[in-house]
Structures are given as C-alpha cells and as structure tokens.
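Read the structure below first, then the notes.
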Amino acid sequence: MAQVLGIIDIVWRGANLPVEKGAKLRLGGLKNNVVTYGRKVGRAQEFIGSEVTAKTYLEAGQSYGSVFSEGEGELQVVCDTGQTYVFPDAFLQDPPEMTGGESHELKWAADQWQEILA
C-alpha cells in the first residue's frame with residue numbers, strides 16, 4: 001500500500017514552525033489559459049507564483065519577529081512522503097492576524113522552487 005501526503009512541516013528561515021493539519025502548497029510554474037478564437041480553442045501560457053499557506057500559534061516566549069518579517073527568506077516545505085520543496089526567496093504576504101485561542105494563518109509567495117527527494 002502506498003503512503004500518501006499526510007503531514008507537512010514548515011521551516012522558515014531555519015526555524016521549524018509547528019503547523020495545523022491542512023497546510024496547502026501550490027507549486028508555481030506555467031499555466032495554460034484557454035483562448036477561444038473563431039471556432040477554435042487554443043492556449044496561452046502564463047506564469048503563476050508558488051503559494052504556501054499554513055496555520056500556527058504564537059507560543060509563550062516566542063518572538064513575533066521570528067515568525068513575521070517583511071523581507072525574503074528561505075522557506076522549506078517538508079512532506080512526510082519524502083519530498084522537500086525549497087523556496088530560496090519566499091516572503092510572507094500579510095502580517096498574521098492573531099486572535100486569542102485561535103491559530104493564525106501565514107501565507108507565503110515565491111517564484112522558483114527546488115524539489116529534493118529523500
């Protein structure tokens with residue numbers, strides 16, 4: 001029986017961030033857009049960026065600055081199925097909104113990515 005993706009770990013600027021179940025990864029690259037002309041259908045390519053979304057908590061003693069910073073940094077998405085995706089120039093899109101007793105969502109954007117198989 002094959003193992004499928006179950007757990008995603010996030011490493012942001014060298015720090016492992018514990019994340020809730022349900023983290024999302026969209027790898028960027030070329031996308032085909034439908035173009036209709038006359039009685040034909042064609043495609044026009046467009047580049048879309050990578051996007052990673054995860055929810056975490058601010059823990060006692062943890063610095064807000066260790067999670068959020070407006071600059072670029074290395075983001076690693078480590079999958080329990082053996083793949084690691086590295087984004088050397090990722091950045092957080094928005095400052096996280098924090099509510100007591102609830103997780104806050106972090107959303108990174110990036111362009112180039114590299115896949116490493118374990």
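In the structure tokens, the first chain shown is A, the next is B, and so on; residue numbers restart at 1 for each chain, and ligands run from 1 in the order shown.
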
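Taking the backbone of this structure through DSSP, the residues of chain A that come out as alpha helix (DSSP H) are Tyr64, Gly65, Ser66 and Val67 of chain A.
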
Preceding selection exported with N, CA, C and O atoms as a PDB file, in the first residue's frame:
ATOM      1  N   TYR A  64       7.351  37.460  18.008  1.00  0.00           N
ATOM      2  CA  TYR A  64       6.545  37.705  16.808  1.00  0.00           C
ATOM      3  C   TYR A  64       7.459  37.892  15.599  1.00  0.00           C
ATOM      4  O   TYR A  64       7.173  37.414  14.511  1.00  0.00           O
ATOM      5  N   GLY A  65       8.585  38.547  15.794  1.00  0.00           N
ATOM      6  CA  GLY A  65       9.540  38.778  14.712  1.00  0.00           C
ATOM      7  C   GLY A  65      10.176  37.513  14.175  1.00  0.00           C
ATOM      8  O   GLY A  65      10.682  37.499  13.056  1.00  0.00           O
ATOM      9  N   SER A  66      10.162  36.419  14.964  1.00  0.00           N
ATOM     10  CA  SER A  66      10.726  35.164  14.464  1.00  0.00           C
ATOM     11  C   SER A  66       9.793  34.524  13.440  1.00  0.00           C
ATOM     12  O   SER A  66      10.208  33.675  12.661  1.00  0.00           O
ATOM     13  N   VAL A  67       8.521  34.936  13.455  1.00  0.00           N
ATOM     14  CA  VAL A  67       7.548  34.401  12.511  1.00  0.00           C
ATOM     15  C   VAL A  67       7.340  35.362  11.352  1.00  0.00           C
ATOM     16  O   VAL A  67       7.421  34.990  10.190  1.00  0.00           O
TER      17      VAL A  67
END

Excluding Thr84 in chain A and any residue of its chain fewer than 2 positions from it, enumerate the residues within 12 Å of it, using only C-alpha atoms, and give them as an mmCIF file with N, CA and C atoms, in the first residue's frame.
data_model
loop_
_atom_site.group_PDB
_atom_site.id
_atom_site.type_symbol
_atom_site.label_atom_id
_atom_site.label_comp_id
_atom_site.auth_asym_id
_atom_site.auth_seq_id
_atom_site.Cartn_x
_atom_site.Cartn_y
_atom_site.Cartn_z
ATOM 1 N N LEU A 5 0.435 11.840 0.997
ATOM 2 C CA LEU A 5 0.758 13.024 1.795
ATOM 3 C C LEU A 5 -0.187 13.157 2.979
ATOM 4 N N ILE A 7 1.347 14.759 6.390
ATOM 5 C CA ILE A 7 1.887 15.796 7.267
ATOM 6 C C ILE A 7 2.826 16.693 6.479
ATOM 7 N N ILE A 8 2.642 17.991 6.646
ATOM 8 C CA ILE A 8 3.529 18.989 6.049
ATOM 9 C C ILE A 8 4.189 19.756 7.186
ATOM 10 N N ASP A 9 5.514 19.819 7.163
ATOM 11 C CA ASP A 9 6.267 20.625 8.123
ATOM 12 C C ASP A 9 6.803 21.855 7.403
ATOM 13 N N ILE A 10 6.846 22.963 8.120
ATOM 14 C CA ILE A 10 7.323 24.225 7.561
ATOM 15 C C ILE A 10 8.598 24.639 8.288
ATOM 16 N N VAL A 11 9.636 24.955 7.518
ATOM 17 C CA VAL A 11 10.871 25.517 8.068
ATOM 18 C C VAL A 11 11.039 26.886 7.429
ATOM 19 N N LEU A 25 0.029 23.749 -0.350
ATOM 20 C CA LEU A 25 1.180 24.061 -1.195
ATOM 21 C C LEU A 25 0.730 24.094 -2.645
ATOM 22 N N LEU A 27 2.626 24.748 -6.178
ATOM 23 C CA LEU A 27 3.902 24.995 -6.833
ATOM 24 C C LEU A 27 3.681 25.878 -8.058
ATOM 25 N N LEU A 75 12.273 29.292 2.596
ATOM 26 C CA LEU A 75 11.137 28.519 3.094
ATOM 27 C C LEU A 75 11.301 27.085 2.612
ATOM 28 N N GLN A 76 11.162 26.138 3.524
ATOM 29 C CA GLN A 76 11.187 24.722 3.167
ATOM 30 C C GLN A 76 9.853 24.104 3.559
ATOM 31 N N VAL A 77 9.289 23.350 2.646
ATOM 32 C CA VAL A 77 8.064 22.603 2.900
ATOM 33 C C VAL A 77 8.459 21.132 2.870
ATOM 34 N N VAL A 78 8.408 20.490 4.028
ATOM 35 C CA VAL A 78 8.864 19.109 4.175
ATOM 36 C C VAL A 78 7.637 18.200 4.288
ATOM 37 N N CYS A 79 7.504 17.285 3.359
ATOM 38 C CA CYS A 79 6.357 16.377 3.312
ATOM 39 C C CYS A 79 6.734 15.033 3.921
ATOM 40 N N ASP A 80 5.774 14.398 4.597
ATOM 41 C CA ASP A 80 6.049 13.095 5.213
ATOM 42 C C ASP A 80 6.212 11.980 4.186
ATOM 43 N N THR A 81 6.000 12.284 2.923
ATOM 44 C CA THR A 81 6.178 11.303 1.857
ATOM 45 C C THR A 81 7.577 11.365 1.236
ATOM 46 N N GLY A 82 8.450 12.214 1.795
ATOM 47 C CA GLY A 82 9.840 12.239 1.353
ATOM 48 C C GLY A 82 10.239 13.411 0.483
ATOM 49 N N VAL A 86 12.029 23.580 -1.628
ATOM 50 C CA VAL A 86 12.798 24.704 -1.105
ATOM 51 C C VAL A 86 12.538 25.929 -1.976
ATOM 52 N N PHE A 87 12.200 27.027 -1.322
ATOM 53 C CA PHE A 87 11.951 28.314 -1.979
ATOM 54 C C PHE A 87 12.955 29.306 -1.396
ATOM 55 N N TRP A 113 11.368 27.179 -7.301
ATOM 56 C CA TRP A 113 11.394 26.169 -6.250
ATOM 57 C C TRP A 113 12.267 25.008 -6.701
ATOM 58 N N GLN A 114 12.743 24.280 -5.727
ATOM 59 C CA GLN A 114 13.569 23.107 -5.998
ATOM 60 C C GLN A 114 13.000 21.942 -5.196
ATOM 61 N N GLU A 115 12.867 20.800 -5.823
ATOM 62 C CA GLU A 115 12.375 19.603 -5.145
ATOM 63 C C GLU A 115 13.547 18.709 -4.768
ATOM 64 N N ILE A 116 13.541 18.265 -3.528
ATOM 65 C CA ILE A 116 14.556 17.340 -3.036
ATOM 66 C C ILE A 116 13.826 16.087 -2.580
ATOM 67 N N LEU A 117 14.230 14.940 -3.093
ATOM 68 C CA LEU A 117 13.598 13.674 -2.702
ATOM 69 C C LEU A 117 14.477 12.941 -1.704
ATOM 70 N N ALA A 118 13.855 12.460 -0.640
ATOM 71 C CA ALA A 118 14.618 11.742 0.401
ATOM 72 C C ALA A 118 14.857 10.307 -0.015
#

- Could you tell me which of A:Met98, A:Gln3, A:Ile48, A:Thr36 comes closest to Ala110 in chain A if we count only C-alpha atoms? A:Ile48

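For the pair CA of Glu20 in chain A and CA of Ser69 in chain A, the interatomic distance is 20.8 Å.
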
- Query: Within 12 Å of Glu97 in chain A, counting only C-alpha atoms, which residues qualify if same-chain residues fewer than 6 places away don't, as a ChimeraX atom specification?
  - Reply: /A:55-58,64,68,103-107

- Task: Would you mind telling me which residue in A:Gly29, A:Ala60, A:Val35, A:Pro88 lies nearest to Phe47 in chain A when using only C-alpha atoms?
- Result: A:Gly29

- Task: Identify all residues of chain A in strand (DSSP E) (DSSP on the backbone) and supply them as a PyMOL selection string.
- Result: chain A and resi 8-12+15-17+24-26+29-37+40-48+50-56+73-79+83-92+104-110+114-117

- Can you tell me, as a ChimeraX atom specification, what residues are no more than 8 Å from Val52 in chain A when counting only C-alpha atoms, ignoring any on the same chain fewer than 6 positions away? /A:23-26,107-109

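Computed from the coordinates, the CA of Thr53 in chain A to CA of Gly100 in chain A distance equals 20.1 Å.
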
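Interatomic distance, CA of Leu92 in chain A to CA of Gly71 in chain A: 7.9 Å.
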